[in-house]
Structure formats: C-alpha cells, structure tokens
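Pasting model_15.cif here (mmCIF, C-alpha atoms):
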data_target
loop_
_atom_site.label_atom_id
_atom_site.label_comp_id
_atom_site.auth_asym_id
_atom_site.auth_seq_id
_atom_site.Cartn_x
_atom_site.Cartn_y
_atom_site.Cartn_z
CA MET A 1 33.48 -12.82 23.69
CA SER A 2 33.78 -14.85 20.53
CA ASN A 3 32.08 -13.74 17.29
CA THR A 4 31.26 -17.31 16.31
CA ILE A 5 28.53 -19.70 17.33
CA THR A 6 28.43 -23.45 16.96
CA LEU A 7 25.45 -24.73 14.92
CA SER A 8 25.64 -28.20 16.41
CA LYS A 9 28.27 -30.67 17.50
CA GLY A 10 30.35 -31.75 14.56
CA HIS A 11 29.33 -28.81 12.35
CA SER A 12 31.47 -25.82 11.52
CA THR A 13 31.09 -22.45 13.17
CA MET A 14 29.90 -19.28 11.45
CA ASN A 15 30.02 -15.54 11.98
CA ARG A 16 27.26 -14.25 14.28
CA ASN A 17 25.55 -12.33 11.44
CA GLY A 18 25.08 -15.61 9.56
CA ASN A 19 24.56 -13.98 6.16
CA LEU A 20 25.16 -17.12 4.12
CA TYR A 21 22.94 -19.29 6.30
CA SER A 22 20.25 -16.60 6.43
CA THR A 23 20.24 -16.37 2.64
CA ILE A 24 20.05 -20.15 2.27
CA PHE A 25 17.23 -20.30 4.84
CA ILE A 26 15.21 -17.58 3.07
CA MET A 27 15.74 -19.21 -0.35
CA THR A 28 14.60 -22.56 1.05
CA ILE A 29 11.42 -21.03 2.50
CA LEU A 30 10.68 -19.28 -0.82
CA ILE A 31 11.05 -22.56 -2.69
CA ILE A 32 8.80 -24.37 -0.20
CA ILE A 33 5.99 -21.79 -0.50
CA GLY A 34 6.37 -21.57 -4.26
CA LEU A 35 7.71 -18.05 -4.77
CA PRO A 36 10.38 -17.70 -7.44
CA ILE A 37 13.74 -16.84 -5.90
CA HIS A 38 14.56 -14.26 -8.56
CA SER A 39 11.48 -12.22 -7.58
CA PHE A 40 12.25 -11.95 -3.85
CA GLY A 41 12.12 -8.31 -2.80
CA GLN A 42 10.30 -7.12 -5.93
CA LYS A 43 7.01 -5.23 -5.62
CA ASN A 44 4.92 -8.03 -7.18
CA PRO A 45 6.75 -11.36 -6.91
CA ILE A 46 3.68 -13.52 -7.64
CA LYS A 47 3.69 -15.21 -11.04
CA PRO A 48 0.37 -17.06 -11.34
CA THR A 49 -0.19 -19.52 -14.16
CA PRO A 50 -3.24 -19.78 -16.44
CA LYS A 51 -5.81 -22.37 -15.43
CA LEU A 52 -9.28 -23.62 -16.25
CA ILE A 53 -11.57 -24.57 -13.37
CA ALA A 54 -14.73 -26.58 -14.05
CA LEU A 55 -17.76 -25.83 -11.87
CA ASP A 56 -20.23 -28.55 -10.96
CA LYS A 57 -23.60 -27.14 -12.00
CA LEU A 58 -25.41 -29.73 -9.90
CA SER A 59 -23.33 -29.36 -6.74
CA PRO A 60 -25.42 -28.77 -3.62
CA ASP A 61 -22.52 -26.97 -1.93
CA SER A 62 -20.60 -23.75 -2.32
CA ALA A 63 -16.88 -24.03 -3.08
CA GLN A 64 -13.77 -21.88 -3.21
CA VAL A 65 -12.58 -21.42 -6.82
CA LEU A 66 -9.51 -19.16 -6.66
CA ASN A 67 -7.76 -18.84 -3.29
CA GLY A 68 -5.68 -15.70 -3.83
CA PRO A 69 -1.86 -15.51 -3.72
CA PRO A 70 0.19 -17.28 -4.91
CA GLU A 71 -2.52 -18.81 -7.12
CA THR A 72 -3.51 -15.28 -8.28
CA VAL A 73 -2.04 -11.82 -7.80
CA THR A 74 -4.89 -10.52 -5.57
CA MET A 75 -8.07 -12.17 -6.84
CA ARG A 76 -10.22 -14.63 -4.91
CA SER A 77 -13.42 -16.25 -6.12
CA GLY A 78 -15.98 -18.84 -5.18
CA TYR A 79 -18.97 -20.75 -6.48
CA MET A 80 -22.02 -20.07 -4.32
CA VAL A 81 -25.12 -22.21 -4.01
CA LEU A 82 -28.05 -20.72 -2.08
CA ALA A 83 -31.34 -22.51 -1.44
CA PRO A 84 -34.57 -20.49 -1.64
CA THR A 85 -34.86 -17.85 1.17
CA LYS A 86 -31.19 -18.36 2.22
CA SER A 87 -28.58 -15.59 2.27
CA VAL A 88 -24.81 -15.38 2.58
CA GLY A 89 -25.10 -12.94 5.48
CA LYS A 90 -24.22 -9.28 5.74
CA HIS A 91 -20.55 -8.62 5.05
CA SER A 92 -18.27 -5.85 3.76
CA THR A 93 -16.04 -5.75 0.72
CA LYS A 94 -13.51 -3.77 2.81
CA ASN A 95 -10.63 -2.77 0.48
CA ASN A 96 -11.89 -5.06 -2.28
CA GLU A 97 -14.16 -4.83 -5.29
CA GLU A 98 -16.62 -7.66 -5.81
CA ALA A 99 -18.46 -8.88 -8.88
CA ILE A 100 -21.16 -11.55 -8.88
CA VAL A 101 -21.89 -13.50 -12.07
CA VAL A 102 -25.30 -15.16 -11.78
CA LEU A 103 -25.54 -18.58 -13.42
CA SER A 104 -29.05 -19.66 -12.40
CA GLY A 105 -31.89 -18.69 -10.09
CA THR A 106 -32.99 -15.27 -8.90
CA GLY A 107 -32.11 -13.17 -5.92
CA GLU A 108 -31.01 -9.79 -4.74
CA MET A 109 -27.88 -8.04 -3.60
CA LYS A 110 -28.98 -5.66 -0.88
CA ILE A 111 -26.57 -2.80 -0.35
CA ILE A 112 -26.85 -1.88 3.33
CA ARG A 113 -28.11 1.72 3.56
CA GLY A 114 -28.42 1.72 -0.23
CA SER A 115 -30.06 0.16 -3.24
CA THR A 116 -31.11 -3.39 -4.04
CA LEU A 117 -29.77 -5.09 -7.17
CA HIS A 118 -32.09 -7.71 -8.62
CA LEU A 119 -30.13 -10.79 -9.68
CA ARG A 120 -31.10 -13.07 -12.56
CA PRO A 121 -29.25 -15.53 -14.80
CA TYR A 122 -26.54 -14.10 -17.05
CA CYS A 123 -26.24 -10.79 -15.21
CA VAL A 124 -23.26 -9.33 -13.37
CA ALA A 125 -23.64 -7.32 -10.17
CA TYR A 126 -20.84 -5.04 -8.97
CA CYS A 127 -20.17 -4.03 -5.37
CA PRO A 128 -17.58 -1.26 -4.76
CA PRO A 129 -14.96 -1.22 -1.98
CA ASN A 130 -16.00 -0.58 1.64
CA THR A 131 -19.62 -1.55 1.01
CA GLU A 132 -21.72 -3.69 3.35
CA HIS A 133 -24.07 -5.99 1.47
CA ASP A 134 -25.93 -9.30 1.54
CA VAL A 135 -27.01 -11.70 -1.20
CA THR A 136 -30.33 -13.51 -0.76
CA ASN A 137 -32.12 -16.09 -2.88
CA THR A 138 -35.58 -14.60 -3.48
CA GLY A 139 -36.71 -17.23 -5.98
CA ILE A 140 -38.14 -20.74 -5.83
CA ASP A 141 -35.08 -22.38 -7.43
CA THR A 142 -31.49 -22.63 -6.20
CA LEU A 143 -29.45 -19.45 -6.77
CA ARG A 144 -26.02 -20.24 -8.22
CA TYR A 145 -23.38 -17.61 -8.84
CA VAL A 146 -19.65 -17.01 -8.95
CA TYR A 147 -18.20 -14.16 -6.92
CA ILE A 148 -14.91 -12.52 -7.83
CA VAL A 149 -13.08 -10.33 -5.30
CA ALA A 150 -9.92 -8.32 -5.98
CA LYS A 151 -7.96 -5.63 -4.14
CA ALA A 152 -9.18 -2.18 -5.14
CA LYS A 153 -5.87 -0.38 -4.50
#
Let me see whether you can do it: turn the structure in this file into structure tokens.
Amino acid sequence: MSNTITLSKGHSTMNRNGNLYSTIFIMTILIIIGLPIHSFGQKNPIKPTPKLIALDKLSPDSAQVLNGPPETVTMRSGYMVLAPTKSVGKHSTKNNEEAIVVLSGTGEMKIIRGSTLHLRPYCVAYCPPNTEHDVTNTGIDTLRYVYIVAKAK
C-alpha cells in the first residue's frame, strides 16, 4: 500500500500524515477566526483590544454589549431594559460571577433561597458563582442596567 494520497487531479501527492498541509490548514482557520498565529497552543491566546461602546439611554430594547471571546478574555455583558413589573426570568450564574450596574429605575435582584437586593440608580449588585437569581422591575419607570459576567475560575 502506498504512503501517499492524491489531493486532486493535477495536484502533487503528499505523505499520509500531511503535516505541512495540516499546519497550513490550522493557520488558515486561526486567521479566519481572528486568533493570532503566534499564540496558538498557549494557555490564553486571546488578545482583546480596548474599545468604547455607547449605550442608547432611550432604547426600548435590551442589547448585547460584549460578546465574550475573542472580543474579551472571558467577559460578557449586556444592556438590559425592563418595563415595570417585568423580569429577566430565573437563571443561574453557573461558573460565572455577575455584576449589575443600575443606570435608571428601581427593582430587585432576588437570590433564590436567599436574600433580595434592592436596586436603584448608581448602585452595583453582585451575584456570586452558582447562584440562581432573577431581576425584576419593581418601580413605575423603566429599569435600565448593564450586566457584566465573567468566569469565576
């Protein structure tokens, strides 16, 4: 049995292990997804860049702000807009920490089987890893806040 395979008619043959072509393929994929080639195989290859993101204080909708890697190392964030009596729904931080920075309105962060944090403008609420919680607008005005989530370990 031959140790070579033909890539396609008219192209040269290569050794079955294909090291050169495998390396070129991996480098091409890394370039396409935006990872620096020199960081391949390192523990933390992500090299985010500084940025400024403007939030629309009159927006009626919530929006993703930071989408995680490769935009950040581990952090994700969003701009939340909750009408009176509305909530985001019960969810868990899992292996993440979460901070909420309240911009306007009032509400509460209810820790399931725990305390209730009363939210108001210019306060920061912290939710530790592996914690079920819900955020509800308890006021008469729209509750607007930014959440920031990052890996805890």
Straight-line distance linking atom CA of Val101 of chain A with atom CA of Asp134 of chain A, stated in Å to one decimal: 14.8 Å
So how many Å separate atom CA of Val146 of chain A and atom CA of Arg76 of chain A, to one decimal?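 Here the two named atoms are 10.5 Å from each other.
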Once you count all atoms listed in the file, which residues end up no further than 12 Å from (-30.5, -3.5, 4.4) in the file's frame, shown as a PyMOL selection string? chain A and resi 89-91+108-117+131-136
Could you tell me which of A:Leu82, A:Ala152, A:Asp61, A:Pro70 comes closest to Lys47 of chain A if we count only C-alpha atoms? A:Pro70
Between atom CA of Thr72 of chain A and atom CA of Cys123 of chain A, distance in Å (one decimal): 24.2 Å
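Matched in the shown structure by the PyMOL selection byres ((chain A and resi 148) around 7): A:Met75, A:Arg76, A:Ser77, A:Gly78, A:Glu98, A:Ala99, A:Ile100, A:Val146, A:Tyr147, A:Val149, A:Ala150.
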Here is a test: counting only C-alpha atoms, which residue of A:Gly139, A:Pro129, A:Pro50, A:Pro121 is nearest to Lys153 of chain A? A:Pro129
Excluding Leu103 of chain A and residues on its chain fewer than 5 positions from it, collect all residues at most 7 Å away from it, counting all atoms listed in the file, and give them as an NGL selection string. :A and (121-122 or 144-145)
For Ser59 of chain A, find every residue with an atom within 12 Å (counting all atoms listed in the file), except residues of its own chain fewer than 4 positions away, and show them as a PDB file with C-alpha atoms, keeping the file's coordinate frame.
ATOM      1  CA  ALA A  54     -14.730 -26.580 -14.050  1.00  0.00           C
ATOM      2  CA  LEU A  55     -17.760 -25.830 -11.870  1.00  0.00           C
ATOM      3  CA  ALA A  63     -16.880 -24.030  -3.080  1.00  0.00           C
ATOM      4  CA  TYR A  79     -18.970 -20.750  -6.480  1.00  0.00           C
ATOM      5  CA  MET A  80     -22.020 -20.070  -4.320  1.00  0.00           C
ATOM      6  CA  VAL A  81     -25.120 -22.210  -4.010  1.00  0.00           C
ATOM      7  CA  LEU A  82     -28.050 -20.720  -2.080  1.00  0.00           C
ATOM      8  CA  ALA A  83     -31.340 -22.510  -1.440  1.00  0.00           C
ATOM      9  CA  THR A 142     -31.490 -22.630  -6.200  1.00  0.00           C
ATOM     10  CA  LEU A 143     -29.450 -19.450  -6.770  1.00  0.00           C
ATOM     11  CA  ARG A 144     -26.020 -20.240  -8.220  1.00  0.00           C
ATOM     12  CA  TYR A 145     -23.380 -17.610  -8.840  1.00  0.00           C
TER      13      TYR A 145
END
Please enclose the listed atoms of segment 48-65 of chain A in an axis-aligned box, pad each side by 5 Å, and write out the centre and the three edge lengths in Å, rounded to one decimal, as AutoDock Vina command-line options.
--center_x -12.5 --center_y -23.4 --center_z -9.2 --size_x 35.8 --size_y 22.7 --size_z 24.5
Residue nearest Val124 of chain A - candidates A:Leu52, A:Val102, A:Val65, A:Val88, atoms counted: only C-alpha atoms: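 Checking each candidate against Val124 of chain A, we get A:Val102 as the closest.
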Residue nearest Pro84 of chain A - candidates A:Asn96, A:Gly107, A:Leu119, A:Asn67, atoms counted: all atoms listed in the file: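 Comparing A:Asn96, A:Gly107, A:Leu119, A:Asn67 against Pro84 of chain A, the winner is A:Gly107.
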Using only C-alpha atoms, find the one residue out of A:Cys127, A:Ser104, A:Glu71, A:Arg120 that sits nearest to Lys57 of chain A.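 Closest residue, counting only C-alpha atoms: A:Ser104.
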Go through A:Thr74, A:Asp141, A:Pro60, A:Ala125 one by one, measure the shortest atom-to-atom distance of each to Asn95 of chain A using all atoms listed in the file, and give the residue with the smallest value.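 Checking each of A:Thr74, A:Asp141, A:Pro60, A:Ala125 against Asn95 of chain A, counting all atoms listed in the file, the winner is A:Thr74.
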